[in-house]
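*Asks:* This is input.cif (mmCIF, C-alpha atoms).
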data_model
loop_
_atom_site.label_atom_id
_atom_site.label_comp_id
_atom_site.auth_asym_id
_atom_site.auth_seq_id
_atom_site.Cartn_x
_atom_site.Cartn_y
_atom_site.Cartn_z
CA MET W 1 212.00 207.14 109.20
CA SER W 2 211.00 204.73 111.94
CA PHE W 3 211.60 200.98 111.86
CA TYR W 4 207.84 200.39 111.55
CA GLY W 5 207.76 202.92 108.70
CA TYR W 6 210.51 201.10 106.80
CA ILE W 7 208.63 197.82 107.15
CA LEU W 8 205.54 199.40 105.59
CA LEU W 9 207.53 201.13 102.85
CA PHE W 10 209.39 198.06 101.65
CA SER W 11 206.29 195.86 101.82
CA PHE W 12 204.41 198.42 99.70
CA LEU W 13 207.02 199.04 97.00
CA GLY W 14 206.69 195.65 95.26
CA PRO W 15 202.89 195.65 94.80
CA LEU W 16 202.96 199.34 93.88
CA CYS W 17 205.52 198.86 91.10
CA LEU W 18 203.78 195.73 89.80
CA SER W 19 200.38 197.43 89.80
CA PHE W 20 201.04 198.51 86.21
CA ASP W 21 201.47 194.97 84.92
CA ARG W 22 199.33 194.85 81.76
CA LYS W 23 197.61 191.57 82.50
CA VAL W 24 196.56 192.55 86.01
CA ALA W 25 196.27 196.34 85.50
CA TYR W 26 195.67 196.72 89.22
CA TYR W 27 196.04 200.50 89.01
CA LYS W 28 192.67 200.63 87.21
CA ASN W 29 191.03 199.22 90.34
CA ILE W 30 192.40 201.87 92.68
CA PRO W 31 189.11 203.87 92.65
CA ARG W 32 187.37 200.73 93.95
CA LEU W 33 189.73 200.72 96.93
CA ILE W 34 188.30 203.95 98.30
CA ALA W 35 185.11 202.51 99.81
CA PRO W 36 186.87 199.49 101.42
CA LEU W 37 189.56 201.77 102.84
CA ILE W 38 186.99 204.08 104.38
CA LEU W 39 184.59 201.42 105.65
CA ILE W 40 186.71 198.35 106.48
CA SER W 41 189.91 200.11 107.50
CA GLY W 42 187.80 202.59 109.45
CA LEU W 43 186.17 199.78 111.44
CA PHE W 44 189.52 198.10 112.08
CA LEU W 45 191.04 201.39 113.25
CA VAL W 46 188.22 201.76 115.77
CA TRP W 47 188.88 198.18 116.90
CA ASP W 48 192.62 198.90 117.06
CA GLN W 49 192.09 202.09 119.03
CA TRP W 50 189.83 200.33 121.53
CA PHE W 51 192.33 197.47 122.07
CA THR W 52 195.16 199.95 122.51
CA VAL W 53 193.22 201.93 125.13
CA LYS W 54 192.35 198.70 126.99
CA GLY W 55 196.01 197.61 126.95
CA ILE W 56 195.36 194.46 124.92
CA TRP W 57 198.21 195.49 122.66
CA GLY W 58 200.43 198.53 122.29
CA PHE W 59 203.41 200.00 120.47
CA ASN W 60 207.04 200.38 121.44
CA PRO W 61 207.96 204.10 121.11
CA GLU W 62 211.52 203.10 120.17
CA TYR W 63 210.37 201.87 116.74
CA ILE W 64 207.73 204.43 115.72
CA SER W 65 207.81 208.06 114.59
CA GLY W 66 206.07 209.55 117.63
CA ILE W 67 203.22 210.96 115.54
CA TYR W 68 199.86 209.76 116.87
CA LEU W 69 196.25 209.81 115.70
CA GLY W 70 194.36 209.21 118.92
CA ASN W 71 196.27 206.43 120.66
CA LEU W 72 197.55 204.94 117.40
CA PRO W 73 200.92 205.77 115.88
CA LEU W 74 200.85 207.07 112.31
CA GLU W 75 202.49 203.86 111.11
CA GLU W 76 199.65 201.76 112.50
CA VAL W 77 197.10 203.88 110.64
CA LEU W 78 199.10 203.49 107.42
CA PHE W 79 199.19 199.72 108.05
CA PHE W 80 195.46 199.68 107.22
CA VAL W 81 196.19 201.26 103.85
CA VAL W 82 199.29 199.32 102.84
CA VAL W 83 198.20 195.82 103.89
CA PRO W 84 194.76 195.91 102.20
CA TYR W 85 196.34 197.36 99.05
CA ASN W 86 198.89 194.55 99.00
CA CYS W 87 196.40 191.78 99.78
CA LEU W 88 193.94 192.89 97.11
CA PHE W 89 196.84 193.12 94.68
CA ILE W 90 197.64 189.47 95.38
CA TYR W 91 193.92 188.65 95.05
CA GLU W 92 193.78 190.28 91.60
CA VAL W 93 197.05 188.64 90.47
CA THR W 94 195.67 185.26 91.52
CA GLY W 95 192.53 185.88 89.49
CA ALA W 96 194.33 187.23 86.41
CA TYR W 97 197.08 184.61 86.13
CA PHE W 98 195.51 181.46 87.57
CA LYS W 99 191.78 182.07 87.05
CA PRO W 100 190.91 179.55 89.78
CA ARG W 101 187.50 177.98 89.52
CA ASN W 102 185.63 177.17 92.68
CA LEU W 103 186.99 173.92 94.12
CA ALA W 104 184.59 172.62 96.76
CA LEU W 105 187.10 170.11 98.14
CA LEU W 106 189.83 172.72 98.64
CA ASN W 107 187.35 175.07 100.27
CA ARG W 108 186.12 172.38 102.66
CA ILE W 109 189.65 171.31 103.64
CA PHE W 110 190.74 174.89 104.27
CA PHE W 111 187.72 175.91 106.31
CA SER W 112 187.73 172.65 108.26
CA ILE W 113 191.31 173.26 109.40
CA PHE W 114 190.62 176.96 109.91
CA GLY W 115 187.51 176.24 111.99
CA PHE W 116 189.23 173.55 114.07
CA LEU W 117 192.13 175.86 114.95
CA GLY W 118 189.72 178.68 115.77
CA ALA W 119 187.71 176.42 118.07
CA LEU W 120 190.88 175.37 119.90
CA LEU W 121 191.84 179.00 120.46
CA LEU W 122 188.43 179.84 121.87
CA ILE W 123 188.52 176.82 124.17
CA LYS W 124 192.00 177.70 125.40
CA THR W 125 191.26 181.37 126.09
CA PRO W 126 187.46 181.79 126.24
CA LEU W 127 187.66 185.17 127.98
CA GLY W 128 190.65 186.62 126.11
CA TRP W 129 189.55 189.67 124.16
CA TYR W 130 191.73 188.95 121.13
CA PRO W 131 190.47 185.42 120.37
CA TYR W 132 186.96 186.34 121.56
CA THR W 133 186.71 189.06 118.89
CA ALA W 134 189.04 188.17 116.00
CA VAL W 135 188.55 184.40 116.05
CA THR W 136 184.80 184.50 116.67
CA LEU W 137 184.29 186.94 113.78
CA SER W 138 186.39 184.74 111.48
CA LEU W 139 184.43 181.62 112.36
CA VAL W 140 181.08 183.33 111.78
CA ILE W 141 182.26 184.61 108.39
CA ALA W 142 183.77 181.24 107.44
CA PHE W 143 180.54 179.43 108.33
CA SER W 144 178.55 181.87 106.21
CA LEU W 145 180.90 181.41 103.25
CA VAL W 146 180.69 177.62 103.46
CA LEU W 147 176.88 177.74 103.58
CA ARG W 148 176.63 180.02 100.56
CA PRO W 149 179.96 179.92 98.72
CA PRO W 150 180.49 182.84 96.31
CA ASN W 151 182.07 182.09 92.94
CA TRP W 152 185.31 183.73 94.11
CA LEU W 153 185.72 181.67 97.30
CA THR W 154 188.60 179.50 96.07
CA GLN W 155 190.37 182.60 94.78
CA LEU W 156 190.02 184.06 98.28
CA VAL W 157 191.39 180.89 99.88
CA ILE W 158 194.41 180.81 97.53
CA THR W 159 195.01 184.52 98.10
CA TYR W 160 194.93 184.06 101.86
CA LEU W 161 197.42 181.18 101.68
CA ILE W 162 199.77 183.20 99.45
CA CYS W 163 199.42 186.20 101.76
CA LEU W 164 200.73 184.06 104.61
CA ILE W 165 204.25 184.45 103.17
CA PRO W 166 204.47 188.27 103.44
CA PHE W 167 202.30 188.06 106.56
CA LEU W 168 204.87 185.91 108.36
CA LEU W 169 207.66 188.26 107.31
CA VAL W 170 205.96 191.55 108.20
CA ASN W 171 204.25 190.35 111.38
CA GLY W 172 207.42 188.60 112.44
CA LEU W 173 209.33 191.89 112.21
CA LEU W 174 206.57 193.71 114.07
CA THR W 175 206.43 191.16 116.90
CA GLY W 176 210.15 191.07 117.65
CA ALA W 177 211.72 188.50 115.34
CA ALA W 178 214.55 190.91 114.43
CA THR W 179 214.57 193.41 117.31
CA ASP W 180 215.38 193.34 121.01
CA ARG W 181 211.78 194.26 121.82
CA PRO W 182 208.65 193.95 119.67
CA VAL W 183 207.32 196.91 117.72
CA VAL W 184 203.82 195.71 118.65
CA TRP W 185 203.43 194.04 122.04
CA TYR W 186 200.52 191.89 123.23
CA ASN W 187 198.98 191.51 126.67
CA GLU W 188 199.65 187.87 127.52
CA GLN W 189 196.37 187.60 129.45
CA GLU W 190 194.26 188.53 126.42
CA PHE W 191 195.36 185.90 123.90
CA SER W 192 196.05 182.19 123.86
CA GLY W 193 199.83 182.47 124.16
CA TRP W 194 200.31 180.30 121.06
CA ARG W 195 202.73 181.84 118.60
CA LEU W 196 204.30 181.17 115.22
CA ILE W 197 207.81 182.03 116.40
CA THR W 198 206.91 185.54 117.67
CA ILE W 199 203.51 185.98 115.98
CA PRO W 200 200.32 185.36 117.99
CA ILE W 201 198.23 182.68 116.26
CA GLU W 202 195.20 184.98 116.55
CA ASP W 203 196.84 187.25 113.96
CA LEU W 204 195.99 184.60 111.34
CA PHE W 205 192.31 185.20 112.05
CA TYR W 206 192.65 188.96 112.34
CA ASN W 207 194.23 189.07 108.89
CA PHE W 208 191.49 186.84 107.50
CA ASP W 209 188.88 189.25 108.87
CA LEU W 210 190.63 192.16 107.20
CA LEU W 211 191.06 190.36 103.87
CA ILE W 212 187.47 189.11 103.63
CA GLY W 213 186.11 192.56 104.43
CA PHE W 214 188.04 194.12 101.58
CA VAL W 215 187.29 191.34 99.12
CA LEU W 216 183.55 191.49 99.87
CA LEU W 217 183.34 195.21 99.13
CA PHE W 218 185.74 194.89 96.19
CA GLU W 219 183.65 192.14 94.58
CA PHE W 220 180.39 193.92 95.40
CA GLN W 221 181.57 196.94 93.42
CA ARG W 222 182.74 194.72 90.56
CA GLU W 223 179.34 193.03 90.42
CA ARG W 224 177.51 196.35 90.38
CA LEU W 225 179.74 197.62 87.59
CA SER W 226 179.10 194.43 85.60
CA LEU W 227 175.32 194.83 86.01
CA ARG W 228 175.47 198.41 84.79
CA LYS W 229 177.23 197.32 81.61
CA GLN W 230 174.56 194.73 80.79
#
In C-alpha cells, what does this structure look like?
*Replies:*
Amino acid sequence: MSFYGYILLFSFLGPLCLSFDRKVAYYKNIPRLIAPLILISGLFLVWDQWFTVKGIWGFNPEYISGIYLGNLPLEEVLFFVVVPYNCLFIYEVTGAYFKPRNLALLNRIFFSIFGFLGALLLIKTPLGWYPYTAVTLSLVIAFSLVLRPPNWLTQLVITYLICLIPFLLVNGLLTGAATDRPVVWYNEQEFSGWRLITIPIEDLFYNFDLLIGFVLLFEFQRERLSLRKQ
C-alpha cells in the first residue's frame, strides 16, 4: 500500500470503529451519506481534477499507488470519501455528547476571525487560483450563515475547530512534514505562500468548504425525515 493510502487507512479506522457507539449510532446515518458523497464529493473531484490539469497542485508518484482516475490518483479520490465520513462523524459526536445550543457570541468571534484571515489571503494573492476559489467560496458561505444562522451553526463551528486536530496531522503528512518531498505539492504562484508548518493556509478554507457542503445536505435530509414523521 502507498504512503498516501496508509494515511487514509489509519485516519479512517478510528471513526469507523467508533461508529457503533450506542449514543452516537453513526452507522445508522450511513444511508444519508450517499447523497453528500455523490453531490459534494463529486463537485470537489471536478475541482480537484481541474486544478491538477492546470498544475495548481499535483501528486508525487513516489507516495501513491499509480492507479489513476483521470488525472487523480486513487488515493485522492478516496480522500473525498474518508475525510467527509470522518468529519461528519465528529459532527454527530459533538451533537450527541455536547448538544451545543447556538451561541451567537461564539459564532460571531469565529466568523470574524475567519473572515479577516480570508480577506488577508485575497489581498495578498488576488489572482492566485487557490485563494480566489477556496477562500472566496468560504467567505460567501460564512456571510450567508451569519445573516441567517441555522440552529446547528455552533455545532458546525465546534466541529470545524475539533477537526483542525486531525486536519493538521493528515495535511501535514500530505504536504511533507514527515517525508523528503510532499505527497501533494502546490504551485507557489497560485497561493499566498503562507503555511502552517508545511500546510498552505488556504487548506483551512478548502476544508471548511467541504465540511459545510456535507453538513448542509446531511441536515437537509434530517429535516426532511423529521417532517415526514410529524
*Asks:* Which residues, protein or nucleic acid, reach to within 7 Å of (190.6, 194.0, 108.5) in the file's coordinates when using all atoms listed in the file, and can you give that as a PyMOL selection string?
*Replies:* chain W and resi 40-41+44+206-207+209-211+213
*Asks:* Pick out the closest residue to Val135 in chain W from this set: W:Ile165, W:Ala119, W:Ile158, W:Ile7. Count only C-alpha atoms.
*Replies:* W:Ala119
*Asks:* Name the residues in contact with range 102-115 of chain W at a cut-off of 9 Å, using all atoms listed in the file, excluding same-chain residues fewer than 5 positions from it; report them as a list in words.
*Replies:*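 The residues that qualify are Leu120, Ser138, Leu139, Ala142, Phe143, Val146, Pro149, Pro150, Asn151, Trp152, Leu153, Thr154, Gln155, Val157 and Phe205 of chain W.
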*Asks:* Compile the contact shell of range 21-24 of chain W as a list in words: residues with an atom at most 9 Å away, counting all atoms listed in the file, same-chain residues fewer than 6 positions apart removed.
*Replies:*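 With the cut-off at 9 Å, the set is Phe89, Glu92, Val93, Gly95, Ala96 and Tyr97 of chain W.
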*Asks:* List, as a PyMOL selection string, every residue that the PyMOL selection byres ((chain W and resi 37) around 12) selects in the file provided.
*Replies:* chain W and resi 30-36+38-45+77-85+88+210-211+213-215+217-218
*Asks:* Please indicate the distance in Å from CA of Gly58 in chain W to CA of Pro126 in chain W, rounded to one decimal place.
*Replies:*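 Taking CA of Gly58 in chain W and CA of Pro126 in chain W, their separation equals 21.5 Å.
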*Asks:* With the PyMOL selection byres ((chain W and resi 75) around 10) as the selection, what would be picked from this file? Answer as a list in words, please.
*Replies:*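 Selection result, ordered by chain and number: Ser2, Phe3, Tyr4, Gly5, Tyr6, Ile7, Leu8, Tyr63, Ile64, Ser65, Gly66, Ile67, Tyr68, Leu69, Leu72, Pro73, Leu74, Glu76, Val77, Leu78, Phe79, Phe80, Val81 and Val82 of chain W.
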*Asks:* Calculate how many Å separate CA of Arg224 in chain W from CA of Ile162 in chain W, rounding to one decimal.
*Replies:*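 Here the two named atoms are 27.4 Å from each other.
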*Asks:* Extending 4 Å beyond the listed atoms of range 213-225 of chain W on each side, what axis-aligned box results? I want centre and edge lengths in Å to one decimal, as AutoDock Vina command-line options.
*Replies:*
--center_x 182.8 --center_y 194.5 --center_z 96.0 --size_x 18.5 --size_y 14.3 --size_z 24.8
*Asks:* Need to verify the contact set: Tyr186 in chain W, 10 Å, all atoms listed in the file, exclusion of same-chain residues closer than 5 positions in sequence. Can you return it as a ChimeraX atom specification?
*Replies:* /W:51-52,55-59,130,175,191,193,199-200
*Asks:* So how many Å separate CA of Lys54 in chain W and CA of Val184 in chain W, to one decimal?
*Replies:*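 Atom-to-atom, CA of Lys54 in chain W to CA of Val184 in chain W, that is 14.5 Å.
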*Asks:* Measuring atom to atom with all atoms listed in the file, identify which of W:Ile197, W:Asn86, W:Asn60, W:Asn171 is nearest to Leu16 in chain W.
*Replies:*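 Residue with the minimum atom-to-atom distance to Leu16 in chain W: W:Asn86.
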*Asks:* Just checking: using all atoms listed in the file, which residue out of W:Ser19, W:Asn29, W:Ser144, W:Asn71 ends up closest to Trp47 in chain W?
*Replies:*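 Result for the nearest residue to Trp47 in chain W: W:Asn71.
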*Asks:* Which residue out of W:Pro15, W:Gly70, W:Pro166, W:Gly128 has the minimum interatomic distance to Tyr27 in chain W when only C-alpha atoms are used?
*Replies:*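 Distance minimum relative to Tyr27 in chain W lands on W:Pro15.
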*Asks:* I need the residue nearest Lys99 in chain W from this list: W:Gln221, W:Leu168, W:Ser192, W:Leu156. Use all atoms listed in the file for the distance.
*Replies:*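 Selected residue with least distance to Lys99 in chain W: W:Leu156.
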*Asks:* Choose the residue, out of W:Gly118, W:Glu223, W:Arg195, W:Gln189, that has the smallest atom-to-atom separation from Val140 in chain W; count all atoms listed in the file.
*Replies:*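 Closest candidate: W:Gly118.
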*Asks:* Neighbours of Tyr160 in chain W within 10 Å (all atoms listed in the file; same-chain residues fewer than 6 positions away dropped), as an MDAnalysis selection string?
*Replies:* chainID W and resid 87 90:91 154 167 204 207:208 211:212
